[in-house]
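Here is the structure we will look at, set down as structure tokens.
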Amino acid sequence: MSSGVGSTEPPSRAGAGFAGAGAEKWQPVIGLEIHVQLKTKTKMFCRCRNGFGGEPNAQTCPVCLAFPGALPVPNRRAVEETIKLGLALDCEIAERAVFHRKQYFYPDNPKAYQISQYDEPLCARGQLTVPTPNGEIAIGITRAHLEEDAAKNVHVAESGRIHGATATLVDFNRCGTPLVEIVTEPDIHDAETAKRFLQLLRQTVVELGLSDAELEKGSMRFDVNVSVRPAGSDELRTRTELKNMNSFNFAAKGIEREIARQVRVYEEGGTVEQETLHFDPAHEESPPLRSKEEAQDYRYFPEPDLVPVQPPREVVERLRSELGELPGSRIRRIAEMLSFYDADVLVTGGLDRLWSEVVAAGADAKEAANVLANQFVATGIDPAAVDAAELAKLVAARAEIPRAAFDEALAHVGDAGFSATPYLEQKVVADTSALDPVIEQVIAANAAQAEQYRAGKQGLLGFFVGQVMKETGGTADPRVVNERVREKLGA
Amino acid sequence: MIETLTLTAERAVRLLEAKEISGAELYAAYLDAIGERDPDLHAFLHVCDDPGGDGLPLAVKDVIGTKGIPTTAGSKILENYVPVYDATVIVNAKRHGLRIIGKTNTDEFAMGSSTENSAYGPSRNPWDPSRVPGGSGGGSAAAVSGGLAPWALGSDTGGSIKQPAALCGHVGLRPTYGTVSRYGVVAFASSLDQVGPVAKNVRDCAYLYSVIAGRDANDSTTVDVPEVAFPTADDLNGVRIGVPKEMNGAEGIEPGVTAAVERAIELAESLGASVEECSLPKSVDYGVACYYLVAPAEASANLARYDGVRYGLREDGADFREMVMRTRDAGFGDEPKRRIMVGTYALSSGYYDAYYGTAQKVRTVIKREHDELFRRFDVLVSPTSPTVAFPLGAKVHDPLAMYMNDLLTIPSCMAGLPGLNIPCGLSEGLPVGLQLVGAQFAENTLFRVGHALELALDFNVVPARYRT
């Protein structure tokens, strides 16, 4: 299931991880750098298929393998999708954007330069407004630009050797696939907002159809720059970079830890070194991956094989008209009807459209939200596959049908031609004349527990209710059972 | 008996169409000529068997990728490289039925003015084998001049088509940047590289240009090209010729060269052209310096892909880095190494603005200076090379002296403009080249002027020692 779905429970307060005297004296400064793989049909600068799978190095050609004489030709679709994302992020779209060569030598980079953008990106100076429980926070977008991805290095143990000699194989299938890089201003001051920003950005990208943005597959990746400064100051101190975080929760945790570490360093009179930290959720500390003593010199220069990109204004306007209502705005709108948390979970989970349809079909708004956010989400069913009218019937009947029937119906709600009717026909047993014998039988069979309950261990009530539900195959009305068990035990 | 030394492409086509000769006979005649004279000239790095068909043979500079035919770019690092795809110019040539007869020698990665930087040994000038044929396209030049191919493809970054054409006494066009696809051509300096035709006369040159020119979906820097007009006129009525004084009076131009060029200019006037002196001060003063920042900078990036991993030479090493270092050490010659170092330096953080950035600004100035002149003139004329062909070894130990060979060809290259060399006479028994530079996309003007002058000059393109 998507990693964008959070808990419906209110999150812990930002900075809670380093709660203490230091927290108020220091303000964290956080900036994000996000890479999103576009799911265009073909690669950024050649006509090779862009997609996962396939035999290693099967999706390659002279261009993406950097054969002598090969030249890049930009993918128009990728340019348009980047502009679309830029518009969703309220960016200015450049009238003239330039590709640069970013030079570095590594086996995953066959030309020894990456075609990227430097001082004239496609999109710049935007913002994404992130709804939070405490109001809205506008995060500045420095830029969003288009570049090509590198190949994948696969480290393998060399067969036939006893000692740990290893070899590195390169799979160029990913090489040259389009990648959008989004850089934020250092406008974020707590881990929770960073997480919310990432979730909202992810949802935006997914909804615009630009990318699957799956963290596990690496189609969305991000680095976090963290520094702290004395509260009230506007200086920017040395920052560290956190890399390799594959979930938003890990990111939040990693940021909190790093903030706490830097505060500790300063409070002990030390200095923070500029370095890159590899976050490992299994360890308490973020161990340094490598230190950067000086910035690498990429020897950028304008890519002479490409002409500047000059998107026609009418294309930009067409793309703008295709945007629709963006997730941030929907969170705000839905939060007015439900709670912020429900709205947040529905929208960042990609469930709010279905929710609206289910409500429109007659279901109670809050009830529908609960079903979708707590139960439906766990099924992994594609919301788009669901017939909202049928789901609405289920939601409305939730209390009247057995729990087991409801769960089963929900598990099939995405099936083609799904009908709620057969499930609705199974009524819960609320008839005390049918339930009482079962309840008495359960109490008799668990005399010791009944004794304890009567002696004051009220928590055992749930045990008895559970036993009765089990005996009735989940068909009993839990509210009636609850009531009757209490009465019988009290008797 | 087919006399390849005098046979023009146009005449060969007529003979084929009239079935007076067959395609096989024609091809065989060139293979015979290669067998006879190439041991002396070393124009070819690779000679191909007749692939069959009735089209004309075509010699191809070895920086142009040819599917299934080795393409070394004159470098050891690509010694065993056989492309899996044809360059667009080759696709176009094949579509017109042309048959690749072989790959011609070049300075390594087209870096040089004499072919002495070829990893496979220099080519020699058909007029005097003790002298260089020019470079980097000396192989294509020697092949056409020596009758080893009716015509050839070259590539020109700062003069590599025009200067060898001048030194070997035939016609060569460096087209407007963007008119001919670079796809499949081993890159030296991407913003300057252009493929162009090398031929015995201007009409052949125009024909071969029409074959290779045009927008290419694989090269985003290409544009739509005006239709080629094959020149017929023998007058120059209404043509305005500018004579940039810095290009004609530059230090180092040999008196014999000046004399031949001045005679050609007088002839142009007698054919009806108006001739007026003009000035290109900054282009000549800064052209070479600017070129030797821009070209090495781009080359340093373009040559970084040669690492021994995917193709070409690979030396053994204990680990990846050592393998790459040894491969490059053994694979690159001195000149590429020199330019990689200069280019890397010029792009380095802290130096970019002073070097590459400034050079690009100067380039704009050079372009503007030329644009200004083309409001008043149709063509600008000057010598192509300051000297006639020089002896092998004369400049190999003095890179700066070698770079100055390109003094007169570089400015228009930096401005992206087309330039045509036609032979205009002899000095000390060696050909002198006349450079005609036109406005952007004004190839047809160059063809017209070049053709009329060529008729009037009546230069014998057969090297004197081969005449019977």
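The chains in the structure tokens are called A, B, ... from first to last as shown; in each chain the residues are counted from 1, and the ligands are counted from 1 in the order shown.
The interface of chain B with chain A at 6 Å, considering only C-alpha atoms, consists of Tyr183, Gly184, Val185, Val186, Ala187, Ser190, Ser191, Ser220, Ala304, Arg305, Leu347 and Ser348 of chain B.
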(request) Using DSSP on the backbone, list every residue of range 376-458 of chain B that comes out as alpha helix (DSSP H), and give them as JSON, numbers by chain. (result) {"B": [399, 400, 401, 402, 403, 410, 411, 412, 413, 414, 443, 444, 445, 446, 447, 448, 449, 450, 451, 452, 453, 454, 455, 456, 457]}
(request) Name the residues of range 62-191 of chain A that fall into strand (DSSP E) according to DSSP on the backbone, using the chain letters and numbers of this document, as an MDAnalysis selection string. (result) chainID A and resid 92:93 99:103 113:117 123:132 135:148 152:157 166:171 178:184
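Comparing the minimum interatomic distances between Phe44 in chain B and each of B:Lys94, B:Arg124, B:Arg14, B:Arg375, counting only C-alpha atoms, we find that B:Arg124 sits nearest.
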(request) For range 356-370 of chain B, work out the shell of residues within 7 Å, counting only C-alpha atoms and skipping chain neighbours fewer than 3 positions away, then give it as a PyMOL selection string. (result) chain B and resi 280+282-283+290+293-294+346-347+352-353+373-374+411+414-415
Can I get the selection written as a JSON list (two decimals), in the first residue's frame, with N, CA and C atoms?
[["chain", "number", "residue", "atom", "x", "y", "z"],
["B", 280, "LEU", "N", 37.70, 42.87, -39.54],
["B", 280, "LEU", "CA", 37.20, 41.92, -38.52],
["B", 280, "LEU", "C", 38.19, 41.90, -37.36],
["B", 282, "LYS", "N", 38.36, 42.07, -33.97],
["B", 282, "LYS", "CA", 38.30, 41.24, -32.76],
["B", 282, "LYS", "C", 38.30, 39.76, -33.11],
["B", 283, "SER", "N", 37.63, 39.42, -34.22],
["B", 283, "SER", "CA", 37.55, 38.02, -34.62],
["B", 283, "SER", "C", 38.93, 37.42, -34.83],
["B", 290, "CYS", "N", 40.08, 32.20, -28.09],
["B", 290, "CYS", "CA", 38.71, 31.86, -27.69],
["B", 290, "CYS", "C", 38.42, 30.40, -28.06],
["B", 293, "LEU", "N", 39.84, 27.76, -25.82],
["B", 293, "LEU", "CA", 39.17, 27.54, -24.53],
["B", 293, "LEU", "C", 37.88, 26.75, -24.73],
["B", 294, "VAL", "N", 37.08, 27.19, -25.70],
["B", 294, "VAL", "CA", 35.77, 26.54, -25.92],
["B", 294, "VAL", "C", 35.95, 25.09, -26.36],
["B", 346, "ALA", "N", 39.67, 25.00, -17.58],
["B", 346, "ALA", "CA", 38.85, 26.16, -17.97],
["B", 346, "ALA", "C", 37.43, 26.08, -17.43],
["B", 347, "LEU", "N", 36.97, 24.88, -17.10],
["B", 347, "LEU", "CA", 35.60, 24.73, -16.59],
["B", 347, "LEU", "C", 35.55, 24.64, -15.07],
["B", 352, "TYR", "N", 35.75, 29.24, -14.28],
["B", 352, "TYR", "CA", 34.76, 29.18, -15.36],
["B", 352, "TYR", "C", 34.50, 30.56, -15.95],
["B", 353, "ASP", "N", 34.20, 31.53, -15.07],
["B", 353, "ASP", "CA", 33.86, 32.86, -15.57],
["B", 353, "ASP", "C", 35.01, 33.47, -16.35],
["B", 373, "LEU", "N", 29.21, 42.66, -40.99],
["B", 373, "LEU", "CA", 29.79, 42.69, -42.34],
["B", 373, "LEU", "C", 28.84, 42.11, -43.38],
["B", 374, "PHE", "N", 28.04, 41.12, -42.96],
["B", 374, "PHE", "CA", 27.16, 40.49, -43.96],
["B", 374, "PHE", "C", 25.96, 41.36, -44.31],
["B", 411, "PRO", "N", 37.81, 31.98, -37.00],
["B", 411, "PRO", "CA", 36.79, 32.99, -36.69],
["B", 411, "PRO", "C", 35.40, 32.65, -37.21],
["B", 414, "MET", "N", 33.80, 29.89, -35.24],
["B", 414, "MET", "CA", 33.29, 30.35, -33.95],
["B", 414, "MET", "C", 31.94, 31.04, -34.14],
["B", 415, "ALA", "N", 31.76, 31.66, -35.31],
["B", 415, "ALA", "CA", 30.50, 32.36, -35.58],
["B", 415, "ALA", "C", 29.44, 31.43, -36.17]]
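The residue that comes closest to Phe248 in chain A, out of A:Leu210, A:Ala231, A:Ala416, A:Leu200 and on the basis of only C-alpha atoms, is A:Leu200.
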(request) Give me, please, the distance in Å between CA of Asp86 in chain B and CA of Arg339 in chain B, quoted to one decimal. (result) 27.4 Å
(request) Name all residues at most 10 Å from Pro312 in chain A (count only C-alpha atoms; drop same-chain ones fewer than 3 positions away) and give them as a ChimeraX atom specification. (result) /A:95-96,309,315-317
(request) Quick one: pull the distance between CA of Asp190 in chain A and CA of His145 in chain A, Å, one decimal. (result)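 Distance reported for this atom pair: 25.6 Å.
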(request) For range 194-206 of chain B, list every protein, DNA or RNA residue within 6 Å, evaluated using only C-alpha atoms, and leave out those in the same chain fewer than 6 positions away; present the list as a ChimeraX atom specification. (result) /B:9,151-156,170-174,451
Selected residues written out, C-alpha atoms, as a CSV table (one decimal), in the first residue's frame:
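Listed below is the output, again-v4.csv:
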chain,number,residue,atom,x,y,z
B,9,ALA,CA,31.6,12.7,-59.2
B,151,TRP,CA,34.7,12.6,-52.9
B,152,ALA,CA,34.7,12.3,-49.1
B,153,LEU,CA,33.1,13.3,-45.9
B,154,GLY,CA,35.1,15.4,-43.5
B,155,SER,CA,34.4,17.1,-40.2
B,156,ASP,CA,35.3,20.6,-39.3
B,170,HIS,CA,40.7,20.8,-53.9
B,171,VAL,CA,37.3,21.9,-52.6
B,172,GLY,CA,35.9,21.6,-49.1
B,173,LEU,CA,32.9,23.0,-47.4
B,174,ARG,CA,32.4,23.6,-43.8
B,451,HIS,CA,31.9,27.8,-59.0
